[in-house]
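Just final-v6.cif here, mmCIF, C-alpha atoms:
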data_work
loop_
_atom_site.group_PDB
_atom_site.id
_atom_site.type_symbol
_atom_site.label_atom_id
_atom_site.label_comp_id
_atom_site.auth_asym_id
_atom_site.auth_seq_id
_atom_site.Cartn_x
_atom_site.Cartn_y
_atom_site.Cartn_z
ATOM 1 C CA MET A 1300 81.730 140.027 81.382
ATOM 2 C CA SER A 1301 84.148 140.419 84.259
ATOM 3 C CA ARG A 1302 85.159 137.364 86.211
ATOM 4 C CA VAL A 1303 82.671 136.401 88.884
ATOM 5 C CA ARG A 1304 84.133 135.499 92.283
ATOM 6 C CA VAL A 1305 83.064 132.189 93.777
ATOM 7 C CA LYS A 1306 82.460 131.449 97.440
ATOM 8 C CA VAL A 1307 81.998 127.776 98.284
ATOM 9 C CA CYS A 1308 80.180 127.705 101.594
ATOM 10 C CA GLY A 1309 79.486 125.064 104.199
ATOM 11 C CA VAL A 1310 82.853 123.352 103.776
ATOM 12 C CA THR A 1311 83.405 120.671 106.421
ATOM 13 C CA ARG A 1312 86.071 118.405 104.880
ATOM 14 C CA ARG A 1313 89.674 119.088 103.933
ATOM 15 C CA GLU A 1314 89.363 117.274 100.606
ATOM 16 C CA ASP A 1315 86.439 119.494 99.639
ATOM 17 C CA ALA A 1316 88.376 122.616 100.591
ATOM 18 C CA GLU A 1317 91.362 121.520 98.523
ATOM 19 C CA LEU A 1318 89.166 120.679 95.526
ATOM 20 C CA ALA A 1319 87.372 124.033 95.665
ATOM 21 C CA VAL A 1320 90.666 125.916 95.790
ATOM 22 C CA GLU A 1321 92.090 123.803 92.951
ATOM 23 C CA LEU A 1322 89.053 124.593 90.787
ATOM 24 C CA GLY A 1323 89.366 128.315 91.415
ATOM 25 C CA ALA A 1324 87.279 129.240 94.451
ATOM 26 C CA ASP A 1325 88.057 132.706 95.763
ATOM 27 C CA PHE A 1326 86.396 132.239 99.171
ATOM 28 C CA LEU A 1327 85.558 129.297 101.437
ATOM 29 C CA GLY A 1328 82.750 129.589 103.973
ATOM 30 C CA LEU A 1329 83.054 127.890 107.378
ATOM 31 C CA ASN A 1330 79.817 127.576 109.314
ATOM 32 C CA PHE A 1331 80.031 128.422 113.008
ATOM 33 C CA TYR A 1332 76.255 128.357 113.596
ATOM 34 C CA PRO A 1333 75.607 125.395 115.964
ATOM 35 C CA ALA A 1334 72.121 124.713 114.596
ATOM 36 C CA SER A 1335 73.458 124.117 111.095
ATOM 37 C CA PRO A 1336 74.182 120.582 109.792
ATOM 38 C CA ARG A 1337 77.415 122.109 108.420
ATOM 39 C CA TYR A 1338 78.539 123.426 111.803
ATOM 40 C CA LEU A 1339 82.234 123.400 112.610
ATOM 41 C CA ALA A 1340 83.611 123.777 116.114
ATOM 42 C CA PRO A 1341 86.506 126.278 116.086
ATOM 43 C CA ALA A 1342 89.096 123.605 116.899
ATOM 44 C CA ARG A 1343 87.936 121.447 113.981
ATOM 45 C CA ALA A 1344 87.865 124.473 111.682
ATOM 46 C CA GLU A 1345 91.429 125.320 112.645
ATOM 47 C CA ARG A 1346 92.591 121.868 111.550
ATOM 48 C CA LEU A 1347 90.559 122.062 108.347
ATOM 49 C CA VAL A 1348 92.012 125.382 107.170
ATOM 50 C CA ALA A 1349 95.647 124.785 108.162
ATOM 51 C CA GLY A 1350 97.808 125.929 105.283
ATOM 52 C CA LEU A 1351 94.949 127.440 103.273
ATOM 53 C CA ARG A 1352 95.409 131.058 104.347
ATOM 54 C CA GLY A 1353 96.888 132.978 101.438
ATOM 55 C CA ARG A 1354 95.549 130.502 98.868
ATOM 56 C CA VAL A 1355 91.905 131.428 99.387
ATOM 57 C CA ARG A 1356 89.995 133.884 101.571
ATOM 58 C CA LEU A 1357 88.260 132.240 104.520
ATOM 59 C CA VAL A 1358 84.860 133.392 105.763
ATOM 60 C CA ALA A 1359 83.275 132.617 109.147
ATOM 61 C CA VAL A 1360 79.501 132.281 108.818
ATOM 62 C CA MET A 1361 77.786 133.287 112.077
ATOM 63 C CA VAL A 1362 74.219 133.933 113.204
ATOM 64 C CA ASN A 1363 73.552 136.535 115.897
ATOM 65 C CA PRO A 1364 76.904 135.778 117.572
ATOM 66 C CA GLU A 1365 78.174 137.094 120.864
ATOM 67 C CA ALA A 1366 81.222 139.341 120.610
ATOM 68 C CA SER A 1367 83.329 136.677 122.296
ATOM 69 C CA GLU A 1368 82.307 134.129 119.649
ATOM 70 C CA VAL A 1369 83.408 136.442 116.850
ATOM 71 C CA GLU A 1370 86.711 137.154 118.543
ATOM 72 C CA ALA A 1371 87.328 133.428 119.001
ATOM 73 C CA VAL A 1372 87.219 132.698 115.259
ATOM 74 C CA LEU A 1373 88.798 135.892 113.914
ATOM 75 C CA PRO A 1374 92.333 134.427 113.977
ATOM 76 C CA LEU A 1375 91.157 131.636 111.656
ATOM 77 C CA VAL A 1376 89.478 133.714 108.946
ATOM 78 C CA ASP A 1377 89.715 136.773 106.750
ATOM 79 C CA LEU A 1378 86.055 137.825 106.880
ATOM 80 C CA VAL A 1379 82.991 137.287 109.055
ATOM 81 C CA GLN A 1380 79.555 136.794 107.482
ATOM 82 C CA PHE A 1381 76.761 137.992 109.761
ATOM 83 C CA HIS A 1382 73.807 135.865 108.677
ATOM 84 C CA GLY A 1383 71.215 136.708 111.315
ATOM 85 C CA GLU A 1384 69.289 139.724 112.554
ATOM 86 C CA GLU A 1385 72.338 141.583 113.792
ATOM 87 C CA GLU A 1386 71.972 145.302 114.442
ATOM 88 C CA PRO A 1387 74.501 147.809 113.050
ATOM 89 C CA GLU A 1388 76.079 148.319 116.468
ATOM 90 C CA THR A 1389 76.714 144.565 116.696
ATOM 91 C CA VAL A 1390 78.538 144.438 113.369
ATOM 92 C CA ARG A 1391 80.346 147.783 113.636
ATOM 93 C CA PRO A 1392 83.434 146.587 115.615
ATOM 94 C CA TRP A 1393 84.335 144.274 112.728
ATOM 95 C CA ALA A 1394 82.827 146.265 109.841
ATOM 96 C CA GLU A 1395 85.986 146.279 107.722
ATOM 97 C CA ARG A 1396 85.986 142.472 107.767
ATOM 98 C CA ALA A 1397 82.201 141.965 107.726
ATOM 99 C CA ILE A 1398 79.812 140.579 105.137
ATOM 100 C CA LYS A 1399 76.203 141.401 106.054
ATOM 101 C CA VAL A 1400 73.386 139.265 104.719
ATOM 102 C CA VAL A 1401 70.366 141.172 103.398
ATOM 103 C CA ARG A 1402 67.053 139.700 102.294
ATOM 104 C CA PRO A 1403 65.530 140.501 98.898
ATOM 105 C CA GLU A 1404 61.999 139.868 100.140
ATOM 106 C CA GLY A 1405 62.362 142.888 102.441
ATOM 107 C CA ASP A 1406 63.804 146.321 101.686
ATOM 108 C CA ALA A 1407 67.317 145.284 100.773
ATOM 109 C CA ALA A 1408 68.285 148.822 99.758
ATOM 110 C CA ALA A 1409 67.342 150.118 103.211
ATOM 111 C CA ASP A 1410 69.279 147.280 104.828
ATOM 112 C CA LEU A 1411 72.369 148.314 102.894
ATOM 113 C CA GLU A 1412 71.995 151.856 104.203
ATOM 114 C CA ARG A 1413 71.948 150.545 107.775
ATOM 115 C CA PHE A 1414 75.326 148.851 107.278
ATOM 116 C CA PRO A 1415 77.300 151.356 105.181
ATOM 117 C CA ASP A 1416 80.758 150.469 106.485
ATOM 118 C CA VAL A 1417 80.882 146.708 105.994
ATOM 119 C CA TRP A 1418 83.302 145.035 103.589
ATOM 120 C CA GLY A 1419 80.457 143.598 101.522
ATOM 121 C CA TYR A 1420 76.985 142.062 101.373
ATOM 122 C CA LEU A 1421 75.343 138.737 100.579
ATOM 123 C CA VAL A 1422 71.802 138.685 99.195
ATOM 124 C CA GLU A 1423 69.779 135.564 99.941
ATOM 125 C CA PRO A 1424 66.066 135.011 100.592
ATOM 126 C CA ARG A 1425 64.817 133.342 103.726
ATOM 127 C CA ARG A 1426 62.592 130.375 102.946
ATOM 128 C CA ASP A 1427 60.362 128.362 105.288
ATOM 129 C CA GLY A 1428 61.929 130.120 108.263
ATOM 130 C CA ARG A 1429 65.373 128.822 107.311
ATOM 131 C CA ARG A 1430 68.306 131.216 107.101
ATOM 132 C CA GLY A 1431 69.979 129.506 104.160
ATOM 133 C CA GLY A 1432 70.759 126.215 102.484
ATOM 134 C CA THR A 1433 67.236 125.825 101.102
ATOM 135 C CA GLY A 1434 68.433 125.060 97.590
ATOM 136 C CA ARG A 1435 65.610 127.123 96.077
ATOM 137 C CA PRO A 1436 66.365 129.588 93.250
ATOM 138 C CA TRP A 1437 64.957 133.140 93.093
ATOM 139 C CA ASP A 1438 65.208 136.270 90.937
ATOM 140 C CA TYR A 1439 68.995 136.633 91.055
ATOM 141 C CA ALA A 1440 68.968 139.676 88.791
ATOM 142 C CA ALA A 1441 67.668 141.796 91.672
ATOM 143 C CA ALA A 1442 70.960 141.614 93.584
ATOM 144 C CA PRO A 1443 73.290 143.302 91.060
ATOM 145 C CA ARG A 1444 70.867 146.235 90.853
ATOM 146 C CA LEU A 1445 71.489 147.205 94.482
ATOM 147 C CA ALA A 1446 73.172 150.597 94.652
ATOM 148 C CA THR A 1447 76.495 149.933 96.348
ATOM 149 C CA ASP A 1448 80.150 150.073 95.380
ATOM 150 C CA ARG A 1449 80.978 147.218 97.754
ATOM 151 C CA PRO A 1450 81.180 143.522 96.875
ATOM 152 C CA VAL A 1451 77.796 141.776 96.674
ATOM 153 C CA PHE A 1452 77.437 138.000 96.657
ATOM 154 C CA VAL A 1453 74.303 136.346 95.273
ATOM 155 C CA ALA A 1454 73.223 133.205 97.121
ATOM 156 C CA GLY A 1455 70.357 130.759 97.363
ATOM 157 C CA GLY A 1456 69.647 127.699 95.212
ATOM 158 C CA ILE A 1457 72.641 128.120 92.905
ATOM 159 C CA HIS A 1458 73.748 124.931 91.152
ATOM 160 C CA PRO A 1459 75.543 124.009 87.916
ATOM 161 C CA GLY A 1460 72.323 124.228 85.895
ATOM 162 C CA ASN A 1461 71.580 127.855 86.793
ATOM 163 C CA VAL A 1462 74.961 129.296 87.772
ATOM 164 C CA ARG A 1463 75.274 131.361 84.596
ATOM 165 C CA GLN A 1464 71.905 132.977 85.282
ATOM 166 C CA ALA A 1465 72.829 133.663 88.911
ATOM 167 C CA ALA A 1466 76.228 135.069 87.964
ATOM 168 C CA ALA A 1467 74.979 137.452 85.280
ATOM 169 C CA GLY A 1468 76.004 140.924 86.416
ATOM 170 C CA ALA A 1469 76.988 139.737 89.895
ATOM 171 C CA TRP A 1470 80.235 140.535 91.681
ATOM 172 C CA GLY A 1471 80.234 137.117 93.303
ATOM 173 C CA ILE A 1472 78.167 133.996 93.875
ATOM 174 C CA ASP A 1473 77.837 131.825 96.963
ATOM 175 C CA VAL A 1474 77.192 128.114 96.480
ATOM 176 C CA CYS A 1475 76.438 125.492 99.088
ATOM 177 C CA SER A 1476 73.710 122.844 98.837
ATOM 178 C CA GLY A 1477 73.691 123.007 95.026
ATOM 179 C CA VAL A 1478 77.123 121.338 94.918
ATOM 180 C CA GLU A 1479 76.573 118.776 97.695
ATOM 181 C CA SER A 1480 75.752 115.084 97.846
ATOM 182 C CA LYS A 1481 74.524 115.668 101.409
ATOM 183 C CA PRO A 1482 74.859 118.561 103.882
ATOM 184 C CA GLY A 1483 78.510 119.365 104.402
ATOM 185 C CA VAL A 1484 79.791 116.929 101.766
ATOM 186 C CA LYS A 1485 80.645 118.495 98.413
ATOM 187 C CA ASP A 1486 80.066 116.561 95.222
ATOM 188 C CA ARG A 1487 83.172 116.546 93.014
ATOM 189 C CA GLN A 1488 81.273 116.320 89.742
ATOM 190 C CA ALA A 1489 78.872 119.099 90.710
ATOM 191 C CA LEU A 1490 81.716 121.402 91.740
ATOM 192 C CA GLU A 1491 83.674 120.665 88.569
ATOM 193 C CA ARG A 1492 80.633 121.276 86.406
ATOM 194 C CA LEU A 1493 79.805 124.528 88.204
ATOM 195 C CA PHE A 1494 83.255 125.981 87.571
ATOM 196 C CA SER A 1495 83.181 124.697 83.997
ATOM 197 C CA GLU A 1496 79.828 126.372 83.372
ATOM 198 C CA LEU A 1497 81.142 129.636 84.789
ATOM 199 C CA ALA A 1498 84.261 129.489 82.662
ATOM 200 C CA ASP A 1499 82.256 128.778 79.507
ATOM 201 C CA GLY A 1500 79.864 131.606 80.290
ATOM 202 C CA GLN A 1501 82.657 134.119 80.777
ATOM 203 C CA SER A 1502 84.873 133.130 77.864
#
For the structure just supplied, provide its representation as structure tokens.
Amino acid sequence: MSRVRVKVCGVTRREDAELAVELGADFLGLNFYPASPRYLAPARAERLVAGLRGRVRLVAVMVNPEASEVEAVLPLVDLVQFHGEEEPETVRPWAERAIKVVRPEGDAAADLERFPDVWGYLVEPRRDGRRGGTGRPWDYAAAPRLATDRPVFVAGGIHPGNVRQAAAGAWGIDVCSGVESKPGVKDRQALERLFSELADGQS
């Protein structure tokens, strides 16, 4: 199978960012949603990512942001993940750098058609009214079947014990709470095991 890209999301500490990059992460997610326990203020994010550009692709995770909020973080990142109920006209100004989240419990195929120009997509269910970080697995095989030639990340409840299942057929996976000791703090052993499991499954 082709190599699956890995996005480690909810990074809040420099040591976690460095470890993820060392292990082979392709993307790091920085959470700019104030209601999240993994929230980063832009000034703190700027210090966290200093020197990382070029070593890994940085993704701003935002929920129903104002245009000014997107513009404020664009200099820090490569891509912007729109994780809320954004309309196509909201995302369109940044489509070439946008990842749009779609929900498998709805009509994900129709959602893709509404955002045809974005860089890529992330498929994650909403659970208990929460937008993400629930740590609950789902039928990951549904995501690779979506008809699109753009990158698609699979997210939601991925951890070292099920990462091979989640990665099967996927372009990329997004991990967060499944490799944490607590929100925003990555667990070294969990991250190392996750990358080891992926490597073994793709060898």
Contacts of range 1466-1477 of chain A at 6 Å or less, counting only C-alpha atoms, minus same-chain residues fewer than 5 places along, as a ChimeraX atom specification? /A:1303-1309,1432,1434,1443,1451-1454,1457-1458
Name the closest residue to Phe1326 in chain A among the candidates A:Val1422, A:Ala1342, A:Ala1359, A:Ala1371; distances are taken between atoms, counting all atoms listed in the file. A:Ala1359
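Once the PyMOL selection byres ((chain A and resi 1348-1355) around 9) is applied to the depicted file, the selected set reads Arg1313, Ala1316, Glu1317, Val1320, Gly1323, Ala1324, Asp1325, Phe1326, Leu1327, Arg1343, Ala1344, Glu1345, Arg1346, Leu1347, Arg1356, Leu1357, Leu1375, Val1376 and Asp1377 of chain A.
Computed from the coordinates, the CA of Ala1319 in chain A to CA of Leu1497 in chain A distance equals 13.7 Å.
In this model, the gap between CA of Ala1446 in chain A and CA of Glu1423 in chain A comes to 16.3 Å.
With all atoms listed in the file as the basis for measurement, A:Gly1483 is the residue among A:Asp1315, A:Gly1483, A:Arg1413, A:Trp1418 that approaches Asn1330 in chain A most closely.
Shortest atom-to-atom contact with Val1379 in chain A among A:Pro1364, A:Pro1415, A:Gly1456, A:Pro1403: A:Pro1364, counting only C-alpha atoms.
Minimum atom-to-atom distances from A:Phe1381, A:Trp1437, A:Tyr1338, A:Tyr1332 to Thr1311 in chain A were compared using only C-alpha atoms, and the lowest value belongs to A:Tyr1338.
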Fill-in result for range 1344-1361 of chain A, N, CA, C and O atoms as a tab-separated table (two decimals), in the frame of the given file:
chain	number	residue	atom	x	y	z
A	1344	ALA	N	87.64	123.54	112.79
A	1344	ALA	CA	87.86	124.47	111.68
A	1344	ALA	C	89.34	124.82	111.55
A	1344	ALA	O	89.87	124.93	110.44
A	1345	GLU	N	90.01	124.99	112.68
A	1345	GLU	CA	91.43	125.32	112.64
A	1345	GLU	C	92.23	124.23	111.95
A	1345	GLU	O	93.14	124.51	111.14
A	1346	ARG	N	91.89	122.97	112.22
A	1346	ARG	CA	92.59	121.87	111.55
A	1346	ARG	C	92.26	121.84	110.06
A	1346	ARG	O	93.12	121.57	109.22
A	1347	LEU	N	91.01	122.13	109.74
A	1347	LEU	CA	90.56	122.06	108.35
A	1347	LEU	C	91.27	123.09	107.47
A	1347	LEU	O	91.63	122.80	106.33
A	1348	VAL	N	91.48	124.29	108.00
A	1348	VAL	CA	92.01	125.38	107.17
A	1348	VAL	C	93.53	125.52	107.26
A	1348	VAL	O	94.11	126.40	106.62
A	1349	ALA	N	94.19	124.68	108.02
A	1349	ALA	CA	95.65	124.78	108.16
A	1349	ALA	C	96.32	124.79	106.79
A	1349	ALA	O	96.11	123.89	105.98
A	1350	GLY	N	97.09	125.83	106.54
A	1350	GLY	CA	97.81	125.93	105.28
A	1350	GLY	C	97.03	126.54	104.14
A	1350	GLY	O	97.58	126.73	103.05
A	1351	LEU	N	95.76	126.87	104.35
A	1351	LEU	CA	94.95	127.44	103.27
A	1351	LEU	C	95.00	128.96	103.22
A	1351	LEU	O	94.72	129.55	102.17
A	1352	ARG	N	95.33	129.60	104.34
A	1352	ARG	CA	95.41	131.06	104.35
A	1352	ARG	C	96.41	131.51	103.29
A	1352	ARG	O	97.51	130.98	103.19
A	1353	GLY	N	96.03	132.49	102.51
A	1353	GLY	CA	96.89	132.98	101.44
A	1353	GLY	C	96.56	132.35	100.10
A	1353	GLY	O	96.84	132.93	99.05
A	1354	ARG	N	95.97	131.15	100.12
A	1354	ARG	CA	95.55	130.50	98.87
A	1354	ARG	C	94.11	130.82	98.53
A	1354	ARG	O	93.70	130.77	97.37
A	1355	VAL	N	93.32	131.14	99.54
A	1355	VAL	CA	91.90	131.43	99.39
A	1355	VAL	C	91.48	132.26	100.59
A	1355	VAL	O	92.11	132.18	101.66
A	1356	ARG	N	90.46	133.08	100.44
A	1356	ARG	CA	90.00	133.88	101.57
A	1356	ARG	C	88.95	133.08	102.34
A	1356	ARG	O	88.03	132.48	101.76
A	1357	LEU	N	89.11	133.05	103.65
A	1357	LEU	CA	88.26	132.24	104.52
A	1357	LEU	C	87.22	133.13	105.20
A	1357	LEU	O	87.55	134.21	105.69
A	1358	VAL	N	85.99	132.63	105.23
A	1358	VAL	CA	84.86	133.39	105.76
A	1358	VAL	C	84.18	132.61	106.87
A	1358	VAL	O	83.76	131.46	106.66
A	1359	ALA	N	84.04	133.22	108.05
A	1359	ALA	CA	83.28	132.62	109.15
A	1359	ALA	C	81.82	133.01	109.00
A	1359	ALA	O	81.49	134.19	108.95
A	1360	VAL	N	80.93	132.03	108.91
A	1360	VAL	CA	79.50	132.28	108.82
A	1360	VAL	C	78.91	132.16	110.22
A	1360	VAL	O	79.00	131.09	110.84
A	1361	MET	N	78.29	133.25	110.71
A	1361	MET	CA	77.79	133.29	112.08
A	1361	MET	C	76.38	133.87	112.09
A	1361	MET	O	76.02	134.68	111.22
